[in-house]
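Report on the following structure.
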Amino acid sequence: MKKVLLMFGLVFWLPLQAMAIDVAEIVARANHAAYYQGQDGKARVQMTIVDAQGRERAREFIILRRNDDGATDAGQKIYVYFNRPADVNQTAFLVWKKLQGEDDRWLYLPALDLVKRIAASDERTSFVGSHFFYEDVSGRVPEEDSHRLVEETDNYYVVESTPKEPGLVEFASYKNWIHKQSFIPVRTEFYDAGGQAYRTYEAQQVESINGYQTVTRSRMSDARIGGETTMGYSEVEYDLGLSDDLFTERYLRNPPRRYLR
Amino acid sequence: MQILSEQAVSHPKRYLWGAGLMSAVLLILVTLPSLWPSQFPLLNPLQIDTDPENMLEADEPVRVLHNAMRKEFSLYDIVVVGVVNNSNPQGVFNVQSLNNVYRLAEYASTLRWEQGDSSEGVVAVDMIAPSTVDNIEQDGLGAVRFEWLMSEPPQTEAEALAIAEKAQRLPFLDDTLISRDRRAVALYIPITSKSISYRVASALQEKTAEFAGDDEFYVTGLPVAQDQFGVEMFVQMAVSAPLAMLLIFALMWLFFRNIVLVVSPMVVALISVIATMGLLIVTGNTVHIMSSMIPIFIMPIAVLDAVHILSDFFDRYPKNRDRLQTVREVMDELSRPMLFTSLTTSVGFASLALTPIPPVQVFGLFVGLGVLIAWLLTVTLIPAYIMLMPEASLAGFGLNESASGGAPRQTLLTRLLHRTGRFTWQHSKLIVGVSLLLCVGAWYGITQIRINDNPVKWFSETHEIRIADRALNERFGGTYMAYLALQPGSSELDYSRYSADLQARLVQLEPKIGGAVAALLTEKAAQAADKPALIELTRDAISEIQDQPISDEEWDAWENVALGLDQELLSDQVFKRPDVLAYIERLQQHLLDTGLVGKSNALPDIVKTVHRELLLGADEEYRIPDSAAAVAQTLITYESSHRPQDLWHFVTPDFRKTNLWIQLKSGDNIDMNAVVTSVDRYLAANPAPVELEHDWFGLTYINVIWQQKMVSGMLSAFLGSFVIVLALMVLLFRSLWWGLLSMVPLTMTIGVTYGIIGIIGKDYDMPVAVLSSLSLGLAVDYAIHFLARSRELRSRFDSWKDTLGAVFEEPARAISRNIVVIGCGFLPLLAAPLVPYKTVGVFISTILILAGAATLLILPALITLFQNRLFKQSEGVER
């Protein structure tokens, strides 16, 4: 569900036989719409972090993504290259997302001339200081939760998901409002043990790009720390034919300029 | 003034009923809104205020700054829970204890309540506990790992120990979360508002009571202490004040042996207290630590004049056997000195309004008011009461058993006073000589006075708050927090020069497109009015150029210029600069070197720790990296943790303001002050790479500021009331010399008292500071009575020597009775659980007894020495 980088969406062109659809399929399609559209994709992201006091910080980065396998929504590789602020220019972040076990993550810090593997016990750490978690960017694996279709409106499936291993996450459950036609999750609310919604994702703008329904503006707010982060996507492209070896340690130090312009 | 008494004597019932009605009305006005606040929104309910911050006005600069900074760095009031295990060889790092700690933190994070529109409670995301903080460490070869320090309670003793190992490697947590000896961990539980600290602390205490094992739990922190304080304030009011009343009643009964009569001063005292406290609350003032002492001050003072009346009545009634006649004689003689003693006392207290401390002002004004109320009630109700007493109950009343006026019965007091009188005549020079010696000693003592205070020490040594305070400060870096904020000084930027410089720098960056860059800058410099606008306009323009179909080479060049432009903004971010961070690091070391600071946490600690872990955890990499970009990249790594928001407790997102957390081992103002002075000196002697302004905040620092205000405020209050009282005395006696003379006993007394305070090393703290003005107003009473009666009696005798004998009869007895009643009247404060009350009790009693002694010894001795001058001048004495 987390859907941040959701550019990439197939327009699912399905007869509206929604009543018959089962929750596993809804979740699978939403996961696909949010994270797997096209074989690969690219976007320039303008990230604005606003804290509880209204203080703003901006980051700008390019994100490249490639599905390992065109047929199934399985492994992925993600490359994030920072442009701004200038003091983190050329900082790069590489993820090999796996359905089983911990993802592999690397970080390149140019000023320290250092490539570092990053390990984390869970994926619910902040993505570079924003209100988005790392997992919101890379995508939470649907198999980690149990899903239940709790409501169906004219436009949305409302799916409630509860973690199979509650000890690994800070939420008790979350709900997704999944658009019936595009299967894009347009709203996600995370609830604490008291049933209080404390963290909210919204897809604020969706455009059709290269035939894919793509979220081009999204927002995450978190009531516990206050404030919100918005990400605006521009220069979105799909199916560029990114080669697998772009997503290797070597390219962390030597960024593929032609995709970063 | 006798008019009032005459009226009261004529309509005694009317006066007594009137006073009773007034008390009833005030009681109702206070009770209704306190019990049913919603039904009586226009009335002020009883409000308790235990916040030491309120020692200063809300708009006091240091408080405004404190609140602004707390908001800016998202700092909350904190409840601290210390968990100590002294029996397990692994200290608190054993399976059982850490399970407790885990459950406690889980429980604490659920403490939230709806209050009105908002929810109040624990700020769970900012809680510092083993399960809520991140560990950063090496993970296999070359990987760095972020994880919760204790994501779940340990299963084995080895796991428990591993948590200690990890925590102690993080400078941030070592000595803050975990004690050096591993016997203790401290949980820091931020709360949204101080007002719920009691609720949070109680809930935590209940929870810890459920835990198995041999852990000790200490729930403390300033907000908890304050709440506790409020509770004990009521104990003081509920215990000490009635106790004082009882004691005064017993002493008066001892002197006058007539229960019915002795009830009258108690009625006066009670109504005075009700009226004063009622007015205080009705007018919307809060009951603060100072104002909670009002009842116990009013009570003895209120009976003071009544004791004079009764004492005089007691001595005269047997001669007259006519109460109306006796009352008239008594009031005739006493009304003037009573008015003046009440005025001087009132002035002494009211002078506290000159201090810049609001609770002290309120205290002074209302005690001053209460004294006047007590005077009014005394001169009316006491005579009225006497008139209403059945004649029979006065039978057998009085000093003389026989109505015929034979030789007075020789009581111990009477004999002692006779001897004293003779002694002052025979040894006047000795007395004055010894007094002068005492003055010299007092002066020495006063120069030794140490000005210091510490609100935690307002609790007695054995109080659980003090025990917790000691337990935690022994083991951790210190629980007294002060904050030091640094920011670059504002410098005026010459915009036209800046834009020219910027253009030159950017052209130099990419000479190939230099012409285009220069043209762009010239154009934008004209459009913009300041640096941020110039940079934004230029950046947008470059972005448009880059969107054009230009060559890669050209695109890269413009990208480079755009980066250079962004760098211009970053150059303002001084707290990413390695040289500035290194400076802060040295400042932190200096703080440690003072010996007063147990630990400090600041931005360099975060940077150094992350840097070390990025570089294989090698100890030599625990350092600030070499460039601002390296610092920025270290920090972006930190921001990828579970708690990126922690960074903003130490620096603002624009990196223009940083905040050092300083943990002091002691909350004594003297220590905080020493740190402040030492930092000032350090900053002056070691200029920072950029000009830095510094501001202190935090409660430990605020205490220093209000103390400074208190000391200077008290001095001016004291001097002010000294002058006013002296003027009143000169007016009363119509003589400068007599006026000066009347000031001698209290001056001596206050001097000697403060001398003793200096010599025994008792800190000059809030209660001690307040004492000077209080005692000034009280102690002059004896002198007034003594001198007024002396002058009056002198006109009836040939010589001072003969007069002296008469003065040491009834007048001296009245004064002695007063000394005992009032002096002892404050002693019940010793039963109060809080140190300031005890201090006030001990010293007020001391001062009153000393002042009484000085009056009975020094004044007659001085009169004896200077009798010619004094009596020649005052021919035709006032009565």
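Labels used: A, B, ... for chains in the order of the structure tokens, numbers from 1 for residues in each chain, and numbers from 1 for ligands as shown.
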
Check: which chain B residues lie within 7 Å of chain A using only C-alpha atoms, as a list in words |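 So the contacting residues turn out to be Val125, Asp139, Gly142, Ala143, Val144, Arg145, Phe146, Glu147, Leu563, Asp566, Gln567, Ala629, Ala630, Ala632, Gln633, Ile636, Glu639, Ser640, Ser641, His642 and Pro644 of chain B.
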
Set the distance at 8 Å and use only C-alpha atoms: which residues neighbour Leu64 (chain A) once local chain neighbours fewer than 5 positions away are removed? I'd like the list as a PDB file with C-alpha atoms, in the first residue's frame.
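And here is the file that came out, result.pdb:
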ATOM      1  CA  ASP A  40      10.862   0.722 -15.274  1.00  0.00           C
ATOM      2  CA  GLY A  41      10.346   4.393 -14.580  1.00  0.00           C
ATOM      3  CA  LYS A  42      11.937   7.687 -13.721  1.00  0.00           C
ATOM      4  CA  ALA A  43      10.781  10.843 -11.993  1.00  0.00           C
ATOM      5  CA  ILE A  78      15.464   1.586  -6.880  1.00  0.00           C
ATOM      6  CA  TYR A  79      18.056   4.303  -7.307  1.00  0.00           C
ATOM      7  CA  VAL A  80      17.674   7.703  -5.679  1.00  0.00           C
TER       8      VAL A  80
END

Would you please extract all strand (DSSP E or B) residues from region 23-238 of chain A, as assigned by DSSP on the backbone, and give them as a PyMOL selection string?
-> chain A and resi 40-50+56-67+76-84+92-97+104-109+114-120+126+133+145-152+156-163+173-179+185-191+197-209+212-222+228-238

Distance of CA of Glu792 (chain B) from CA of Leu746 (chain B), expressed in Å to one decimal place = 21.8 Å

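Taking only C-alpha atoms into account, Ser161 (chain A) lies nearest to A:Phe190 out of the set A:Gly232, A:Phe190, A:Glu207, A:Gly139.
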
Show me, as a Markdown table, the residues of region 231-304 of chain B having an atom within 10 Å of region 375-379 of chain B, each with the closest atom pair and its distance in Å, using only C-alpha atoms.
| residue | atom | partner | partner_atom | distance |
| --- | --- | --- | --- | --- |
| B:Ser264 | CA | B:Thr378 | CA | 9.0 |
| B:Pro265 | CA | B:Thr378 | CA | 7.6 |
| B:Val267 | CA | B:Leu377 | CA | 9.3 |
| B:Val268 | CA | B:Leu377 | CA | 6.1 |
| B:Ala269 | CA | B:Leu377 | CA | 8.8 |
| B:Ile271 | CA | B:Leu377 | CA | 8.3 |
| B:Ser272 | CA | B:Leu377 | CA | 7.7 |
| B:Ile301 | CA | B:Trp375 | CA | 9.2 |
| B:Ala302 | CA | B:Trp375 | CA | 7.1 |
| B:Val303 | CA | B:Thr378 | CA | 8.1 |
| B:Leu304 | CA | B:Thr378 | CA | 9.3 |

Picked from region 284-445 of chain B by DSSP as helix (DSSP H, G or I), as a PyMOL selection string = chain B and resi 291-320+323-354+358-388+391-394+412-426+428-445

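Residue nearest Ala28 (chain A) within the list A:Phe183, A:Tyr156, A:Trp96, A:Trp177: A:Phe183 [criterion: smallest interatomic distance, only C-alpha atoms].
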
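Take the candidates B:Ser571, B:Thr50, B:Ser795, B:Ser151 and check each one against Gly230 (chain B) using only C-alpha atoms; the shortest distance goes to B:Thr50.
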
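CA of Ser291 (chain B) is positioned 15.5 Å from CA of Ser346 (chain B).
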
Can you pull out every residue within 7 Å of region 12-23 of chain B, counting only C-alpha atoms, but drop anything in the same chain fewer than 5 positions away, and send it as a PDB file with N, CA and C atoms, in the first residue's frame?
ATOM      1  N   ILE B 271     -11.259  36.130  61.810  1.00  0.00           N
ATOM      2  CA  ILE B 271     -11.957  36.971  60.832  1.00  0.00           C
ATOM      3  C   ILE B 271     -10.942  37.691  59.942  1.00  0.00           C
ATOM      4  N   ILE B 274      -9.807  35.168  57.359  1.00  0.00           N
ATOM      5  CA  ILE B 274     -10.862  34.907  56.373  1.00  0.00           C
ATOM      6  C   ILE B 274     -11.005  36.097  55.428  1.00  0.00           C
ATOM      7  N   ALA B 275     -11.006  37.283  56.009  1.00  0.00           N
ATOM      8  CA  ALA B 275     -11.180  38.477  55.178  1.00  0.00           C
ATOM      9  C   ALA B 275     -10.020  38.614  54.189  1.00  0.00           C
ATOM     10  N   LEU B 381     -13.821  45.246  67.784  1.00  0.00           N
ATOM     11  CA  LEU B 381     -14.412  44.018  68.306  1.00  0.00           C
ATOM     12  C   LEU B 381     -13.984  43.697  69.729  1.00  0.00           C
ATOM     13  N   ALA B 384     -15.940  45.839  72.044  1.00  0.00           N
ATOM     14  CA  ALA B 384     -17.335  45.395  71.949  1.00  0.00           C
ATOM     15  C   ALA B 384     -17.527  44.076  72.669  1.00  0.00           C
ATOM     16  N   TYR B 385     -16.575  43.186  72.470  1.00  0.00           N
ATOM     17  CA  TYR B 385     -16.653  41.861  73.089  1.00  0.00           C
ATOM     18  C   TYR B 385     -16.613  41.966  74.609  1.00  0.00           C
ATOM     19  N   MET B 387     -17.546  44.400  76.366  1.00  0.00           N
ATOM     20  CA  MET B 387     -18.809  44.953  76.851  1.00  0.00           C
ATOM     21  C   MET B 387     -19.915  43.910  76.902  1.00  0.00           C
ATOM     22  N   LEU B 388     -19.835  42.927  76.007  1.00  0.00           N
ATOM     23  CA  LEU B 388     -20.896  41.930  75.953  1.00  0.00           C
ATOM     24  C   LEU B 388     -20.698  40.787  76.940  1.00  0.00           C
TER      25      LEU B 388
END
